[in-house]
file protein.txt (compact mmCIF, C-alpha atoms and all ligand atoms)
# COMPACT_ATOMS: atom_id res chain seq x y z
CA MET X 5 163.87 -176.88 -47.57
CA LYS X 6 160.32 -176.83 -46.24
CA VAL X 7 159.23 -174.60 -43.36
CA LEU X 8 155.93 -175.58 -41.77
CA VAL X 9 153.82 -173.12 -39.77
CA ALA X 10 151.67 -175.33 -37.53
CA THR X 11 149.30 -173.23 -35.45
CA GLU X 12 146.17 -174.61 -33.85
CA LYS X 13 145.43 -170.93 -33.01
CA PRO X 14 146.44 -169.12 -36.22
CA PHE X 15 148.43 -165.93 -36.66
CA ALA X 16 146.78 -162.89 -38.29
CA LYS X 17 146.94 -163.16 -42.08
CA VAL X 18 149.28 -160.18 -42.30
CA ALA X 19 151.76 -162.06 -40.10
CA VAL X 20 151.56 -165.19 -42.24
CA ASP X 21 152.21 -163.02 -45.32
CA GLY X 22 155.30 -161.60 -43.60
CA ILE X 23 156.55 -165.06 -42.64
CA ARG X 24 156.03 -166.24 -46.22
CA SER X 25 158.07 -163.30 -47.59
CA GLU X 26 161.00 -164.09 -45.28
CA ILE X 27 160.96 -167.81 -46.04
CA GLU X 28 160.53 -167.48 -49.80
CA ALA X 29 163.18 -164.73 -50.04
CA ALA X 30 165.60 -167.26 -48.55
CA GLY X 31 164.65 -169.75 -51.26
CA TYR X 32 162.63 -172.05 -49.01
CA GLU X 33 159.07 -173.33 -49.29
CA LEU X 34 156.33 -172.43 -46.79
CA ALA X 35 153.61 -174.88 -45.77
CA LEU X 36 150.67 -174.02 -43.52
CA LEU X 37 148.72 -176.13 -41.08
CA GLU X 38 146.27 -173.84 -39.30
CA LYS X 39 143.32 -174.51 -36.98
CA TYR X 40 144.05 -178.23 -36.93
CA THR X 41 141.85 -180.23 -34.59
CA GLU X 42 143.56 -183.64 -34.50
CA LYS X 43 147.14 -184.50 -33.58
CA SER X 44 147.18 -186.86 -36.59
CA GLN X 45 147.03 -183.79 -38.87
CA LEU X 46 150.17 -182.41 -37.24
CA LEU X 47 151.90 -185.82 -37.39
CA ASP X 48 151.16 -185.96 -41.10
CA ALA X 49 152.20 -182.37 -41.84
CA VAL X 50 155.60 -182.59 -40.08
CA LYS X 51 156.75 -185.64 -42.09
CA ASP X 52 158.68 -183.62 -44.69
CA ALA X 53 159.28 -180.40 -42.72
CA ASP X 54 162.85 -179.19 -42.21
CA ALA X 55 161.78 -176.39 -39.88
CA LEU X 56 158.71 -175.70 -37.80
CA ILE X 57 157.09 -172.52 -36.49
CA ILE X 58 154.59 -173.07 -33.68
CA ARG X 59 152.76 -171.25 -30.89
CA SER X 60 151.36 -173.23 -27.93
CA ASP X 61 151.22 -176.33 -30.13
CA ILE X 62 152.45 -179.47 -28.36
CA ILE X 63 155.71 -180.83 -29.72
CA ASP X 64 156.38 -184.13 -27.98
CA GLU X 65 158.28 -187.33 -28.66
CA GLU X 66 155.55 -188.61 -31.02
CA VAL X 67 155.67 -185.45 -33.17
CA LEU X 68 159.47 -185.52 -33.23
CA ASN X 69 159.44 -189.19 -34.21
CA ALA X 70 157.14 -188.35 -37.13
CA ALA X 71 159.34 -185.44 -38.24
CA GLY X 72 162.27 -187.32 -39.76
CA GLN X 73 163.79 -184.29 -41.51
CA LEU X 74 163.24 -181.72 -38.78
CA LYS X 75 166.21 -179.57 -37.79
CA ILE X 76 164.66 -176.66 -35.89
CA VAL X 77 161.47 -175.72 -34.04
CA VAL X 78 160.83 -172.07 -33.24
CA ARG X 79 158.13 -171.31 -30.72
CA ALA X 80 156.86 -167.90 -31.91
CA GLY X 81 156.43 -166.54 -28.41
CA ALA X 82 157.99 -166.64 -24.98
CA GLY X 83 157.01 -169.80 -23.09
CA TYR X 84 158.29 -173.11 -24.47
CA ASP X 85 156.79 -175.45 -21.90
CA ASN X 86 154.79 -177.00 -24.77
CA VAL X 87 157.95 -178.43 -26.35
CA SER X 88 159.72 -181.50 -25.00
CA LEU X 89 163.26 -180.14 -24.87
CA GLU X 90 164.85 -183.46 -23.91
CA ALA X 91 163.19 -185.27 -26.82
CA ALA X 92 164.22 -182.49 -29.21
CA THR X 93 167.83 -182.74 -28.06
CA ALA X 94 167.72 -186.52 -28.47
CA HIS X 95 166.41 -186.02 -32.03
CA HIS X 96 169.15 -183.41 -32.75
CA VAL X 97 166.50 -180.73 -33.20
CA CYS X 98 167.27 -177.16 -32.15
CA VAL X 99 164.49 -175.41 -30.18
CA MET X 100 164.24 -171.62 -29.97
CA ASN X 101 161.74 -169.06 -28.71
CA THR X 102 161.34 -165.41 -29.73
CA PRO X 103 161.66 -163.56 -26.41
CA GLY X 104 160.02 -160.16 -26.06
CA GLN X 105 158.22 -160.19 -29.38
CA ASN X 106 154.69 -160.52 -28.02
CA SER X 107 155.21 -159.10 -24.54
CA ASN X 108 153.49 -155.74 -25.02
CA ALA X 109 150.32 -157.49 -26.21
CA VAL X 110 150.24 -159.68 -23.10
CA ALA X 111 150.93 -156.72 -20.82
CA GLU X 112 148.11 -154.67 -22.38
CA LEU X 113 145.66 -157.52 -21.84
CA ALA X 114 146.65 -157.68 -18.16
CA PHE X 115 145.45 -154.06 -17.83
CA GLY X 116 142.26 -154.83 -19.76
CA PHE X 117 141.63 -157.51 -17.13
CA MET X 118 142.48 -155.21 -14.22
CA VAL X 119 140.12 -152.45 -15.35
CA MET X 120 137.34 -154.96 -16.00
CA ALA X 121 137.75 -156.49 -12.53
CA VAL X 122 137.95 -153.27 -10.51
CA ARG X 123 134.90 -151.94 -12.40
CA ASN X 124 132.92 -155.04 -11.37
CA PHE X 125 132.75 -156.44 -14.91
CA TYR X 126 130.83 -153.32 -15.99
CA ASP X 127 127.73 -154.34 -14.04
CA GLY X 128 126.71 -150.73 -13.28
CA LYS X 129 127.83 -150.78 -9.62
CA SER X 130 130.48 -148.38 -8.36
CA GLY X 131 133.98 -149.85 -8.65
CA THR X 132 137.47 -148.55 -7.94
CA GLU X 133 140.35 -147.05 -9.92
CA LEU X 134 143.83 -148.41 -10.56
CA LYS X 135 145.48 -145.09 -9.72
CA GLY X 136 147.24 -145.25 -6.37
CA LYS X 137 146.74 -149.01 -6.00
CA LYS X 138 149.68 -151.27 -5.19
CA LEU X 139 150.50 -153.51 -8.13
CA GLY X 140 152.70 -156.58 -7.64
CA ILE X 141 154.49 -157.92 -10.69
CA HIS X 142 155.37 -161.56 -10.11
CA ALA X 143 158.44 -162.09 -12.35
CA TYR X 144 160.16 -159.17 -14.00
CA GLY X 145 160.91 -160.41 -17.51
CA ASN X 146 159.82 -158.95 -20.84
CA VAL X 147 156.10 -158.95 -19.99
CA GLY X 148 156.69 -157.78 -16.42
CA ARG X 149 158.70 -154.80 -17.66
CA ASN X 150 155.93 -153.81 -20.07
CA VAL X 151 153.39 -154.13 -17.25
CA ALA X 152 155.52 -151.76 -15.15
CA ARG X 153 155.75 -149.25 -18.02
CA ILE X 154 151.96 -149.20 -18.49
CA ALA X 155 151.28 -149.17 -14.72
CA LYS X 156 153.21 -145.91 -14.43
CA GLY X 157 150.72 -144.31 -16.82
CA PHE X 158 147.88 -145.47 -14.57
CA GLY X 159 149.64 -143.89 -11.56
CA MET X 160 150.04 -147.19 -9.71
CA ASP X 161 152.49 -147.93 -6.91
CA ILE X 162 154.59 -150.70 -8.45
CA TYR X 163 156.33 -153.63 -6.72
CA ALA X 164 158.01 -156.68 -8.24
CA TYR X 165 159.49 -159.99 -7.19
CA ASP X 166 161.93 -161.87 -9.39
CA ALA X 167 164.66 -164.10 -7.96
CA TYR X 168 166.64 -163.86 -11.20
CA CYS X 169 166.42 -160.12 -11.94
CA PRO X 170 168.84 -157.63 -10.33
CA LYS X 171 167.06 -155.21 -7.99
CA GLU X 172 168.87 -152.30 -9.66
CA ALA X 173 167.11 -153.07 -12.97
CA MET X 174 163.72 -152.81 -11.26
CA GLU X 175 164.65 -149.65 -9.40
CA ALA X 176 165.84 -148.05 -12.64
CA ASP X 177 162.28 -148.55 -13.93
CA GLY X 178 160.74 -146.94 -10.84
CA VAL X 179 159.68 -150.34 -9.48
CA LYS X 180 160.14 -151.37 -5.83
CA PRO X 181 161.82 -154.78 -5.60
CA VAL X 182 160.70 -157.11 -2.79
CA ASP X 183 162.59 -160.07 -1.37
CA SER X 184 159.99 -162.83 -1.58
CA PRO X 185 156.65 -163.74 -3.14
CA GLU X 186 155.20 -163.59 0.38
CA VAL X 187 156.11 -159.90 0.72
CA LEU X 188 154.72 -159.18 -2.77
CA TYR X 189 151.35 -160.82 -2.07
CA SER X 190 150.95 -159.32 1.40
CA THR X 191 151.81 -155.84 0.10
CA CYS X 192 149.85 -155.59 -3.15
CA ASP X 193 146.17 -154.98 -3.95
CA ILE X 194 146.65 -156.55 -7.38
CA VAL X 195 149.17 -159.23 -8.36
CA SER X 196 149.90 -159.87 -12.04
CA LEU X 197 151.55 -163.22 -12.80
CA HIS X 198 154.36 -163.44 -15.34
CA ILE X 199 156.20 -166.58 -14.28
CA PRO X 200 156.87 -169.41 -16.73
CA ALA X 201 155.55 -172.94 -16.10
CA THR X 202 158.55 -174.87 -14.78
CA ALA X 203 159.02 -177.69 -12.28
CA GLU X 204 159.75 -174.97 -9.71
CA THR X 205 156.68 -172.79 -10.41
CA LYS X 206 153.96 -175.37 -11.13
CA ASN X 207 151.24 -175.24 -8.43
CA SER X 208 153.29 -172.60 -6.59
CA ILE X 209 150.45 -170.06 -6.44
CA ASN X 210 148.71 -171.73 -3.53
CA TYR X 211 146.27 -171.07 -0.69
CA ASP X 212 148.82 -169.70 1.77
CA LEU X 213 150.41 -167.33 -0.74
CA VAL X 214 147.24 -165.80 -2.20
CA ASN X 215 145.66 -165.63 1.25
CA LEU X 216 148.32 -163.06 2.15
CA MET X 217 146.66 -160.56 -0.19
CA PRO X 218 144.87 -157.63 1.44
CA LYS X 219 141.06 -157.34 1.42
CA ASN X 220 139.61 -157.14 -2.10
CA GLY X 221 142.77 -158.59 -3.61
CA LEU X 222 142.84 -159.29 -7.34
CA LEU X 223 144.97 -162.00 -8.95
CA VAL X 224 145.55 -161.62 -12.70
CA ASN X 225 147.01 -164.54 -14.67
CA THR X 226 148.25 -164.00 -18.20
CA ALA X 227 151.06 -166.52 -17.66
CA ARG X 228 150.18 -170.23 -17.44
CA LYS X 229 147.38 -172.20 -15.78
CA GLU X 230 149.84 -174.77 -14.43
CA VAL X 231 151.36 -172.29 -11.96
CA ILE X 232 148.05 -172.07 -10.09
CA ASN X 233 147.14 -174.67 -7.49
CA GLU X 234 143.51 -174.73 -8.60
CA ALA X 235 142.18 -176.79 -5.71
CA ASP X 236 143.76 -174.30 -3.30
CA LEU X 237 142.41 -171.27 -5.16
CA LEU X 238 138.89 -172.72 -5.26
CA ARG X 239 139.05 -173.33 -1.51
CA LEU X 240 140.48 -169.88 -0.81
CA MET X 241 137.90 -168.02 -2.92
CA ASN X 242 135.25 -170.00 -1.08
CA ASP X 243 136.75 -168.94 2.28
CA ARG X 244 137.29 -165.32 1.21
CA ALA X 245 134.42 -163.66 -0.63
CA ASP X 246 136.53 -160.55 -1.30
CA LEU X 247 139.07 -162.12 -3.69
CA LYS X 248 138.87 -162.00 -7.49
CA TYR X 249 140.68 -164.15 -10.06
CA ILE X 250 140.94 -163.21 -13.74
CA THR X 251 142.78 -165.47 -16.14
CA ASP X 252 143.71 -165.70 -19.81
CA ILE X 253 144.32 -169.44 -19.50
CA MET X 254 141.15 -171.37 -18.81
CA PRO X 255 141.56 -173.43 -15.63
CA VAL X 256 140.98 -177.18 -15.67
CA HIS X 257 138.24 -176.45 -13.09
CA HIS X 258 136.73 -173.56 -15.06
CA ASP X 259 133.12 -174.68 -14.49
CA GLU X 260 133.60 -174.77 -10.72
CA PHE X 261 135.17 -171.30 -10.68
CA ALA X 262 132.43 -169.90 -12.94
CA ASP X 263 129.57 -171.55 -10.99
CA HIS X 264 130.81 -170.70 -7.51
CA PHE X 265 132.27 -167.23 -8.00
CA PRO X 266 130.09 -165.18 -10.37
CA GLY X 267 131.30 -161.56 -10.43
CA ARG X 268 134.67 -162.61 -9.00
CA TYR X 269 136.05 -164.83 -11.73
CA PHE X 270 136.60 -164.54 -15.47
CA SER X 271 138.48 -166.60 -18.03
CA THR X 272 138.93 -166.04 -21.74
CA PRO X 273 137.76 -169.08 -23.71
CA LYS X 274 141.11 -169.23 -25.54
CA LYS X 275 144.43 -167.62 -24.55
CA MET X 276 144.25 -164.11 -26.04
CA GLY X 277 147.30 -162.34 -24.57
CA ALA X 278 149.46 -162.58 -27.69
CA GLN X 279 146.55 -162.56 -30.12
CA THR X 280 147.15 -159.19 -31.80
CA ALA X 281 148.28 -158.49 -35.35
CA GLU X 282 151.34 -156.67 -33.99
CA ALA X 283 152.42 -159.53 -31.72
CA ASN X 284 151.77 -162.09 -34.48
CA ILE X 285 153.87 -160.07 -36.92
CA ASN X 286 156.70 -159.50 -34.43
CA ALA X 287 156.90 -163.10 -33.19
CA GLY X 288 156.12 -164.76 -36.53
CA ILE X 289 158.67 -162.81 -38.54
CA ALA X 290 161.30 -163.17 -35.80
CA ALA X 291 160.70 -166.94 -35.93
CA ALA X 292 161.08 -166.98 -39.73
CA ARG X 293 164.32 -164.96 -39.54
CA GLN X 294 165.72 -167.20 -36.80
CA ILE X 295 165.04 -170.23 -38.98
CA VAL X 296 166.76 -168.67 -41.99
CA GLY X 297 169.73 -167.65 -39.82
CA PHE X 298 169.97 -171.17 -38.42
CA LEU X 299 169.66 -173.01 -41.74
CA LYS X 300 171.95 -170.64 -43.67
CA ASP X 301 174.53 -169.58 -41.07
CA GLY X 302 174.11 -172.00 -38.16
CA CYS X 303 173.05 -169.13 -35.86
CA GLU X 304 171.75 -170.55 -32.58
CA LYS X 305 170.92 -167.35 -30.72
CA TYR X 306 167.75 -167.96 -28.66
CA ARG X 307 168.36 -171.74 -28.55
CA VAL X 308 166.66 -173.05 -25.38
CA ASN X 309 167.51 -176.79 -25.44
CA LYS X 310 170.82 -178.54 -24.91
CA LYS X 311 172.78 -179.81 -27.92
C1 LIG R 401 153.77 -166.94 -24.95
O1 LIG R 401 154.28 -167.78 -24.20
O2 LIG R 401 154.41 -166.37 -25.85
C2 LIG R 401 152.34 -166.53 -24.75
O3 LIG R 401 151.75 -167.29 -23.74
C3 LIG R 401 151.51 -166.54 -26.01
O4 LIG R 401 151.18 -167.83 -26.42
P1 LIG R 401 150.35 -168.09 -27.77
O5 LIG R 401 151.25 -167.81 -28.93
O6 LIG R 401 149.97 -169.53 -27.71
O7 LIG R 401 149.15 -167.20 -27.79
call {"tool": "encode", "arguments": {"input": "protein.txt", "output": "structure tokens", "more": "lines below"}}
Ligand code: 3PG
result
Amino acid sequence: MKVLVATEKPFAKVAVDGIRSEIEAAGYELALLEKYTEKSQLLDAVKDADALIIRSDIIDEEVLNAAGQLKIVVRAGAGYDNVSLEAATAHHVCVMNTPGQNSNAVAELAFGFMVMAVRNFYDGKSGTELKGKKLGIHAYGNVGRNVARIAKGFGMDIYAYDAYCPKEAMEADGVKPVDSPEVLYSTCDIVSLHIPATAETKNSINYDLVNLMPKNGLLVNTARKEVINEADLLRLMNDRADLKYITDIMPVHHDEFADHFPGRYFSTPKKMGAQTAEANINAGIAAARQIVGFLKDGCEKYRVNKK
């Protein structure tokens, strides 16, 4: 059996070593396709793969068609919007993610962004502190919970909105649940996004919602670019010179944001939230173990597509 790790943005070497140990201990072979630049390289590499470990790599119908032996794809990470679940089901391929394994890394980066923004990108001018500020966590999943844990250390006043999370779970963490995104945005000085990109959430962060934020509001996005209505946000930041937007997922309209809003906008060049050795080890080894469990014992825990 051949397990392919196909990562356009590679894991730390220590994580790849750990994945290799797991795969080889199970008697399988590991193949690596890292930093590939053309889809044709992926199409070629998947031809004889029985299992695939990916990150944000796109797995669509064309890739699945090329992967005649493929039985399982594990997205080493949380969001699986990069995998065509319907096509995988049609090809009898199991798709899994590794929930929670990289969430602390993403949460820590959100705070790196917050400090940078409230200190005016370290330009020497007087900024503000996070202590005492109202933080809104938009979606209370694995990353949201880590954000809440760290926010307590900063002494922030923490709110969260999540239609799918029981209020009691938030309250147990010292977080104030709110009933709607509108209440979250109108209440909080800083909103940190942790929603997945789904049909329901795409473009949902729009002019009217963000415009509810109080003066000097800060929107932090370590989730997905697709959830932002970029045209709306460009228009709003033009209308309101007090708002800041910091993102780990470069917008389609990055140049317009950067040109029009210097000192109020920042994007990493490449998504960095999960790019730590620890997150790579946690998610990569979890992916390898899930593949071994699936191939040896038929374990389908963490399956995200229909059979
Ligand atoms: C995730 O969904 O797990 C994060 O967005 C990290 O994605 P990455 O593995 O592509 O960095």
call {"tool": "residues_near_ligand", "arguments": {"input": "protein.txt", "ligand": "ligand LIG 401 (chain R)", "cutoff": "9 Å", "atoms": "all atoms listed in the file", "output": "MDAnalysis selection string"}}
result
chainID X and resid 11:15 58:61 79:85 101:107 110 200 226:228 253 274:279 283:284 287
call {"tool": "residues_around", "arguments": {"input": "protein.txt", "residues": "Thr93 (chain X)", "least_positions_apart": "4", "cutoff": "10 Å", "atoms": "all atoms listed in the file", "output": "list in words"}}
result
Ser88, Leu89, Val97, Cys98, Val99, Asn309, Lys310 and Lys311 of chain X
call {"tool": "closest_residue", "arguments": {"input": "protein.txt", "among": "X:Glu234, X:Asp183, X:Glu260, X:Glu304", "to": "Met100 (chain X)", "atoms": "only C-alpha atoms"}}
result
X:Glu304
call {"tool": "atom_distance", "arguments": {"input": "protein.txt", "atom1": "CA of Ala70 (chain X)", "atom2": "CA of Ala291 (chain X)"}}
result
21.7 Å
call {"tool": "atom_distance", "arguments": {"input": "protein.txt", "atom1": "CA of Asp177 (chain X)", "atom2": "CA of Tyr189 (chain X)"}}
result
20.3 Å
call {"tool": "residues_around", "arguments": {"input": "protein.txt", "residues": "Val77 (chain X)", "least_positions_apart": "2", "cutoff": "6 Å", "atoms": "all atoms listed in the file", "output": "PyMOL selection string"}}
result
chain X and resi 55-57+99
call {"tool": "atom_distance", "arguments": {"input": "protein.txt", "atom1": "CA of Lys171 (chain X)", "atom2": "CA of Arg149 (chain X)"}}
result
12.8 Å
call {"tool": "closest_atom_pairs", "arguments": {"input": "protein.txt", "of": "region 208-304 of chain X", "to": "region 118-132 of chain X", "cutoff": "9 Å", "atoms": "only C-alpha atoms", "output": "tab-separated table"}}
result
residue	atom	partner	partner_atom	distance
X:Leu222	CA	X:Ala121	CA	7.8
X:Leu223	CA	X:Met118	CA	8.9
X:Val224	CA	X:Met118	CA	7.3
X:Lys248	CA	X:Ala121	CA	7.6
X:Tyr249	CA	X:Ala121	CA	8.6
X:Ile250	CA	X:Ala121	CA	7.5
X:Gly267	CA	X:Asn124	CA	6.8
X:Arg268	CA	X:Ala121	CA	7.7
X:Tyr269	CA	X:Ala121	CA	8.5
X:Phe270	CA	X:Ala121	CA	8.6
call {"tool": "write_last_selection", "arguments": {"input": "protein.txt", "atoms": "C-alpha atoms", "output": "compact mmCIF listing (two decimals), in the coordinates of the input"}}
result
# COMPACT_ATOMS: atom_id res chain seq x y z
CA LEU X 222 142.84 -159.29 -7.34
CA LEU X 223 144.97 -162.00 -8.95
CA VAL X 224 145.55 -161.62 -12.70
CA LYS X 248 138.87 -162.00 -7.49
CA TYR X 249 140.68 -164.15 -10.06
CA ILE X 250 140.94 -163.21 -13.74
CA GLY X 267 131.30 -161.56 -10.43
CA ARG X 268 134.67 -162.61 -9.00
CA TYR X 269 136.05 -164.83 -11.73
CA PHE X 270 136.60 -164.54 -15.47
call {"tool": "closest_residue", "arguments": {"input": "protein.txt", "among": "X:Ile154, X:Ile141, X:Ala176, X:Ile232", "to": "Ile194 (chain X)", "atoms": "all atoms listed in the file"}}
result
X:Ile141
call {"tool": "closest_residue", "arguments": {"input": "protein.txt", "among": "X:Lys6, X:His142, X:Arg153, X:His258", "to": "Asp52 (chain X)", "atoms": "all atoms listed in the file"}}
result
X:Lys6
call {"tool": "closest_residue", "arguments": {"input": "protein.txt", "among": "X:Lys51, X:Asn86, X:Thr280, X:Lys219", "to": "Ile63 (chain X)", "atoms": "all atoms listed in the file"}}
result
X:Asn86
call {"tool": "closest_residue", "arguments": {"input": "protein.txt", "among": "X:Leu216, X:Val67, X:Glu282, X:Ala91", "to": "Lys17 (chain X)", "atoms": "all atoms listed in the file"}}
result
X:Glu282
call {"tool": "residues_around", "arguments": {"input": "protein.txt", "residues": "His257 (chain X)", "least_positions_apart": "4", "cutoff": "9 Å", "atoms": "all atoms listed in the file", "output": "PyMOL selection string"}}
result
chain X and resi 234-235+238+261-262
call {"tool": "closest_residue", "arguments": {"input": "protein.txt", "among": "X:Ala92, X:Glu172, X:Asp246, X:Leu237", "to": "Arg307 (chain X)", "atoms": "all atoms listed in the file"}}
result
X:Ala92
call {"tool": "residues_around", "arguments": {"input": "protein.txt", "residues": "Asn233 (chain X)", "least_positions_apart": "3", "cutoff": "6 Å", "atoms": "only C-alpha atoms", "output": "PyMOL selection string"}}
result
chain X and resi 207+209-210+236
call {"tool": "residues_around", "arguments": {"input": "protein.txt", "residues": "His95 (chain X)", "least_positions_apart": "5", "cutoff": "9 Å", "atoms": "all atoms listed in the file", "output": "count of residues only"}}
result
7
